[in-house]
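Please read the structure below before turning to the comments.
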Number of protein chains: 2
Amino acid sequence: MQKINLNQKLSLFNEHWKPHIVGELNGQYVKLGKFKGPFTWHHHENEDELFLVVKGRFRMDFREDGKDREVWLEEGEMIIVPRGTEHRPFADTECHVLLFEPASTLNTGNVENEFTVKELERV
Amino acid sequence: MQKINLNQKLSLFNEHWKPHIVGELNGQYVKLGKFKGPFTWHHHENEDELFLVVKGRFRMDFREDGKDREVWLEEGEMIIVPRGTEHRPFADTECHVLLFEPASTLNTGNVENEFTVKELERV
């Protein structure tokens with residue numbers, strides 16, 4: 001049983017949009033990601049997804065009740081995206097994010113494209 | 001779908017050792033707690049538990065391989081306590097902590113005493 005320092009883990013990789021696993025509990029992964037630019041629109045059929053800003057800020061674009069919406073998330077702020085909700089994170093400058101989600105979650109959900117990461121790495 | 005500001009939520013309650021629910025996903029709760037002093041020794045039969053320090057620091061005492069151990073956790077550090085592991089958080093000064101654990105988790109696990117909180121509140 002060892003503690004995990006988020007900034008130390010974040011120093012171990014540089015890729016954008018490629019979250020790395022830093023912990024596992026109750027069938028869920030804790031991941032750290034570096035966001036920059038726009039991600040791809042997608043949704044997850046069966047998984048709710050949590051995003052917590054560790055450093056910087058990003059905008060979550062999403063569709064709710066048939067309308068396009070957006071919310072900016074700053075350090076110390078989080079959002080839970082329910083399963084089925086179309087969403088797309090966007091970061092104007094690099095943003096460090098902690099994610100909680102089921103181990104089964106594919107980063108691009110129902111979409112498969114250049115952003116898709118099938119083999120997650122651990123740091 | 002609304003963002004959740006951890007510090008704003010933390011400003012809404014003052015009790016120590018009484019985590020409040022701030023989010024729910026995939027059958028898990030996200031809680032915020034204020035720790036001060038020693039908690040009670042306990043374990044959870046079926047739940048792994050995550051502690052992430054938002055402000056301050058605390059010490060996690062635990063028993064592993066029959067030995068008593070401890071680890072200090074500072075801001076931006078987290079620890080995952082696996083099910084079955086005896087543990088006791090201790091904070092020398094007030095510490096703000098984010099917890100992530102199954103909705104079924106009782107704060108004192110296998111123990112019932114003055115620290116036990118059966119009716120969780122949301123903020």
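Letters A, B, ... mark the chains of the structure tokens in the order given; residue numbers begin at 1 per chain; ligand numbers begin at 1, in order shown.
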Using only C-alpha atoms, find which residues of chain A lie within 8 Å of chain B and jot them down as a list in words.
-> Met1, Gln2, Lys3, Ile4, Asn5, Leu6, Asn7, Gly23, Glu24, Leu25, Asn26, Glu47, Asp48, Glu49, Leu50, Val71, Leu73, Gly76, Glu77, Met78, Ile79, Ile80, Val81, Pro82, Glu101 and Pro102 of chain A
Just N, CA, C and O atoms for this one: save the residues we selected as a tab-separated table (two decimals), in the first residue's frame.
chain	number	residue	atom	x	y	z
A	1	MET	N	0.85	-1.19	0.00
A	1	MET	CA	0.00	0.00	0.00
A	1	MET	C	0.89	1.23	0.00
A	1	MET	O	1.56	1.52	0.99
A	2	GLN	N	0.91	1.92	-1.13
A	2	GLN	CA	1.79	3.08	-1.26
A	2	GLN	C	1.01	4.30	-1.72
A	2	GLN	O	0.04	4.17	-2.46
A	3	LYS	N	1.45	5.46	-1.29
A	3	LYS	CA	0.76	6.66	-1.75
A	3	LYS	C	1.14	6.98	-3.18
A	3	LYS	O	2.18	6.55	-3.68
A	4	ILE	N	0.28	7.75	-3.82
A	4	ILE	CA	0.46	8.13	-5.22
A	4	ILE	C	0.47	9.65	-5.28
A	4	ILE	O	-0.50	10.30	-4.86
A	5	ASN	N	1.56	10.21	-5.79
A	5	ASN	CA	1.67	11.66	-5.92
A	5	ASN	C	1.29	12.04	-7.36
A	5	ASN	O	1.95	11.63	-8.32
A	6	LEU	N	0.22	12.82	-7.49
A	6	LEU	CA	-0.32	13.09	-8.83
A	6	LEU	C	0.71	13.81	-9.72
A	6	LEU	O	0.89	13.44	-10.88
A	7	ASN	N	1.39	14.81	-9.18
A	7	ASN	CA	2.35	15.55	-10.02
A	7	ASN	C	3.54	14.69	-10.42
A	7	ASN	O	4.04	14.81	-11.54
A	23	GLY	N	-4.18	4.06	-10.66
A	23	GLY	CA	-4.76	3.32	-9.55
A	23	GLY	C	-5.98	2.55	-9.99
A	23	GLY	O	-6.56	2.84	-11.05
A	24	GLU	N	-6.35	1.56	-9.20
A	24	GLU	CA	-7.50	0.72	-9.53
A	24	GLU	C	-8.23	0.36	-8.25
A	24	GLU	O	-7.60	0.02	-7.25
A	25	LEU	N	-9.55	0.48	-8.25
A	25	LEU	CA	-10.33	0.07	-7.08
A	25	LEU	C	-11.76	-0.23	-7.48
A	25	LEU	O	-12.34	0.48	-8.30
A	26	ASN	N	-12.28	-1.30	-6.94
A	26	ASN	CA	-13.69	-1.66	-7.17
A	26	ASN	C	-14.05	-1.71	-8.65
A	26	ASN	O	-15.13	-1.28	-9.05
A	47	GLU	N	-21.00	3.70	-19.22
A	47	GLU	CA	-20.10	4.19	-18.18
A	47	GLU	C	-20.29	5.68	-17.93
A	47	GLU	O	-20.33	6.47	-18.88
A	48	ASP	N	-20.41	6.03	-16.66
A	48	ASP	CA	-20.33	7.43	-16.26
A	48	ASP	C	-18.84	7.76	-16.09
A	48	ASP	O	-18.04	6.89	-15.74
A	49	GLU	N	-18.51	9.02	-16.28
A	49	GLU	CA	-17.10	9.39	-16.32
A	49	GLU	C	-16.88	10.67	-15.50
A	49	GLU	O	-17.61	11.64	-15.66
A	50	LEU	N	-15.87	10.65	-14.64
A	50	LEU	CA	-15.58	11.83	-13.82
A	50	LEU	C	-14.27	12.48	-14.27
A	50	LEU	O	-13.27	11.79	-14.51
A	71	VAL	N	-19.15	23.98	-20.49
A	71	VAL	CA	-18.80	24.44	-19.15
A	71	VAL	C	-17.28	24.42	-19.02
A	71	VAL	O	-16.62	23.47	-19.43
A	73	LEU	N	-14.00	24.22	-16.76
A	73	LEU	CA	-13.59	23.65	-15.48
A	73	LEU	C	-12.21	24.13	-15.12
A	73	LEU	O	-11.27	24.00	-15.91
A	76	GLY	N	-9.42	22.23	-9.23
A	76	GLY	CA	-10.27	21.94	-8.07
A	76	GLY	C	-11.74	21.83	-8.43
A	76	GLY	O	-12.58	21.80	-7.53
A	77	GLU	N	-12.05	21.76	-9.72
A	77	GLU	CA	-13.44	21.57	-10.14
A	77	GLU	C	-13.56	20.26	-10.89
A	77	GLU	O	-12.64	19.83	-11.60
A	78	MET	N	-14.72	19.63	-10.75
A	78	MET	CA	-14.93	18.35	-11.43
A	78	MET	C	-16.31	18.31	-12.07
A	78	MET	O	-17.20	19.10	-11.74
A	79	ILE	N	-16.46	17.37	-12.99
A	79	ILE	CA	-17.77	17.17	-13.61
A	79	ILE	C	-17.96	15.67	-13.84
A	79	ILE	O	-16.99	14.95	-14.08
A	80	ILE	N	-19.20	15.23	-13.71
A	80	ILE	CA	-19.53	13.84	-13.99
A	80	ILE	C	-20.38	13.81	-15.26
A	80	ILE	O	-21.43	14.44	-15.32
A	81	VAL	N	-19.89	13.10	-16.26
A	81	VAL	CA	-20.62	12.97	-17.52
A	81	VAL	C	-21.38	11.64	-17.47
A	81	VAL	O	-20.77	10.57	-17.46
A	82	PRO	N	-22.72	11.69	-17.44
A	82	PRO	CA	-23.48	10.44	-17.35
A	82	PRO	C	-23.38	9.63	-18.64
A	82	PRO	O	-23.22	10.21	-19.73
A	101	GLU	N	-13.28	6.18	-13.78
A	101	GLU	CA	-14.26	5.54	-14.66
A	101	GLU	C	-14.08	4.03	-14.60
A	101	GLU	O	-13.04	3.55	-14.17
A	102	PRO	N	-15.08	3.27	-15.02
A	102	PRO	CA	-14.95	1.82	-15.00
A	102	PRO	C	-13.77	1.36	-15.85
A	102	PRO	O	-13.44	2.00	-16.86
Please produce chain A as a compact mmCIF listing (two decimals) with C-alpha atoms, in the first residue's frame once it has been superposed on chain B, the fit using all Cα atoms paired in sequence order.
# COMPACT_ATOMS: atom_id res chain seq x y z
CA MET A 1 -24.82 18.33 -15.92
CA GLN A 2 -23.11 20.85 -13.68
CA LYS A 3 -19.57 21.27 -12.48
CA ILE A 4 -18.68 20.75 -8.84
CA ASN A 5 -16.23 23.07 -7.12
CA LEU A 6 -14.53 21.18 -4.28
CA ASN A 7 -13.75 24.23 -2.13
CA GLN A 8 -17.25 25.61 -2.51
CA LYS A 9 -18.69 22.27 -1.39
CA LEU A 10 -16.22 22.09 1.52
CA SER A 11 -17.46 25.49 2.72
CA LEU A 12 -20.94 24.04 3.28
CA PHE A 13 -20.17 21.85 6.29
CA ASN A 14 -17.81 21.86 9.25
CA GLU A 15 -18.13 18.51 10.99
CA HIS A 16 -15.05 16.32 11.27
CA TRP A 17 -15.24 12.67 10.23
CA LYS A 18 -18.58 13.12 8.50
CA PRO A 19 -17.98 12.93 4.76
CA HIS A 20 -20.66 14.50 2.57
CA ILE A 21 -21.65 13.17 -0.86
CA VAL A 22 -20.82 15.49 -3.76
CA GLY A 23 -21.24 13.13 -6.70
CA GLU A 24 -22.29 9.67 -7.78
CA LEU A 25 -21.21 7.52 -10.72
CA ASN A 26 -21.24 3.84 -11.58
CA GLY A 27 -22.53 2.89 -8.13
CA GLN A 28 -19.70 4.80 -6.44
CA TYR A 29 -19.88 7.94 -4.34
CA VAL A 30 -17.53 10.88 -4.46
CA LYS A 31 -17.39 12.38 -0.99
CA LEU A 32 -15.60 15.23 0.71
CA GLY A 33 -14.50 14.93 4.29
CA LYS A 34 -12.83 17.06 6.95
CA PHE A 35 -10.44 15.09 9.12
CA LYS A 36 -9.07 16.15 12.48
CA GLY A 37 -7.55 14.03 15.23
CA PRO A 38 -7.60 10.23 15.17
CA PHE A 39 -10.38 8.21 13.50
CA THR A 40 -11.26 4.68 14.56
CA TRP A 41 -9.42 1.54 13.43
CA HIS A 42 -11.59 -0.44 11.01
CA HIS A 43 -11.69 -2.27 7.70
CA HIS A 44 -14.18 -2.73 4.88
CA GLU A 45 -15.04 -6.30 3.94
CA ASN A 46 -15.99 -5.64 0.33
CA GLU A 47 -14.92 -2.14 -0.59
CA ASP A 48 -11.67 -0.56 -1.66
CA GLU A 49 -11.41 3.07 -0.62
CA LEU A 50 -9.56 6.01 -2.17
CA PHE A 51 -8.38 9.09 -0.24
CA LEU A 52 -7.05 12.16 -2.07
CA VAL A 53 -5.79 15.16 -0.08
CA VAL A 54 -7.36 18.43 -1.25
CA LYS A 55 -5.89 20.61 1.53
CA GLY A 56 -3.58 19.98 4.47
CA ARG A 57 -2.20 16.56 5.26
CA PHE A 58 -3.08 13.43 7.18
CA ARG A 59 -1.45 10.19 8.21
CA MET A 60 -2.86 6.82 7.25
CA ASP A 61 -2.06 4.16 9.82
CA PHE A 62 -2.56 0.62 8.59
CA ARG A 63 -1.64 -3.00 9.22
CA GLU A 64 0.05 -4.89 6.42
CA ASP A 65 1.70 -8.30 6.64
CA GLY A 66 1.07 -8.27 10.37
CA LYS A 67 3.01 -5.03 10.88
CA ASP A 68 1.83 -1.56 11.84
CA ARG A 69 2.75 0.99 9.20
CA GLU A 70 1.98 4.62 8.47
CA VAL A 71 2.16 6.98 5.55
CA TRP A 72 1.74 10.76 5.52
CA LEU A 73 -0.31 12.15 2.64
CA GLU A 74 0.12 15.72 1.49
CA GLU A 75 -1.91 17.86 -0.92
CA GLY A 76 -2.15 16.21 -4.35
CA GLU A 77 -1.37 12.76 -2.95
CA MET A 78 -3.74 9.82 -2.75
CA ILE A 79 -3.84 6.30 -1.39
CA ILE A 80 -6.04 3.31 -2.12
CA VAL A 81 -6.86 1.12 0.87
CA PRO A 82 -7.78 -2.37 -0.36
CA ARG A 83 -10.75 -4.19 1.14
CA GLY A 84 -9.87 -6.13 4.26
CA THR A 85 -7.00 -3.84 5.27
CA GLU A 86 -7.17 -2.47 8.81
CA HIS A 87 -6.64 1.28 8.71
CA ARG A 88 -7.07 4.50 10.66
CA PRO A 89 -6.69 8.02 9.31
CA PHE A 90 -5.20 10.62 11.67
CA ALA A 91 -4.86 14.37 11.08
CA ASP A 92 -2.78 16.62 13.32
CA THR A 93 -4.51 19.70 11.90
CA GLU A 94 -7.72 19.87 9.85
CA CYS A 95 -7.33 18.15 6.51
CA HIS A 96 -9.73 18.19 3.54
CA VAL A 97 -10.03 14.91 1.69
CA LEU A 98 -11.83 13.62 -1.38
CA LEU A 99 -13.01 10.00 -1.11
CA PHE A 100 -14.12 7.57 -3.83
CA GLU A 101 -15.81 4.41 -2.73
CA PRO A 102 -18.82 2.22 -3.43
CA ALA A 103 -22.17 3.68 -2.39
CA SER A 104 -22.52 0.76 0.03
CA THR A 105 -19.51 1.82 2.14
CA LEU A 106 -20.07 2.53 5.84
CA ASN A 107 -17.47 5.02 7.09
CA THR A 108 -16.42 2.83 10.03
CA GLY A 109 -16.57 -0.43 8.07
CA ASN A 110 -16.80 -3.43 10.40
CA VAL A 111 -16.96 -1.25 13.51
CA GLU A 112 -19.92 0.63 14.94
CA ASN A 113 -19.17 3.41 17.41
CA GLU A 114 -19.42 7.17 17.95
CA PHE A 115 -17.77 7.78 14.56
CA THR A 116 -20.36 5.79 12.60
CA VAL A 117 -22.49 7.84 10.19
CA LYS A 118 -25.44 5.89 8.79
CA GLU A 119 -27.30 8.69 7.04
CA LEU A 120 -24.99 10.42 4.62
CA GLU A 121 -25.75 13.99 3.64
CA ARG A 122 -25.26 15.59 0.25
CA VAL A 123 -23.89 19.05 -0.36
Taking the DSSP assignment computed from this structure's backbone, write out as JSON, numbers by chain all residues of chain A that belong to helix (DSSP H, G or I).
-> {"A": [6, 7, 8, 9, 10]}
Residues flagged strand (DSSP E or B) by DSSP in chain A, as a PyMOL selection string = chain A and resi 4-5+20-25+28-38+42+49-55+58-64+67-73+77-81+87-102+122
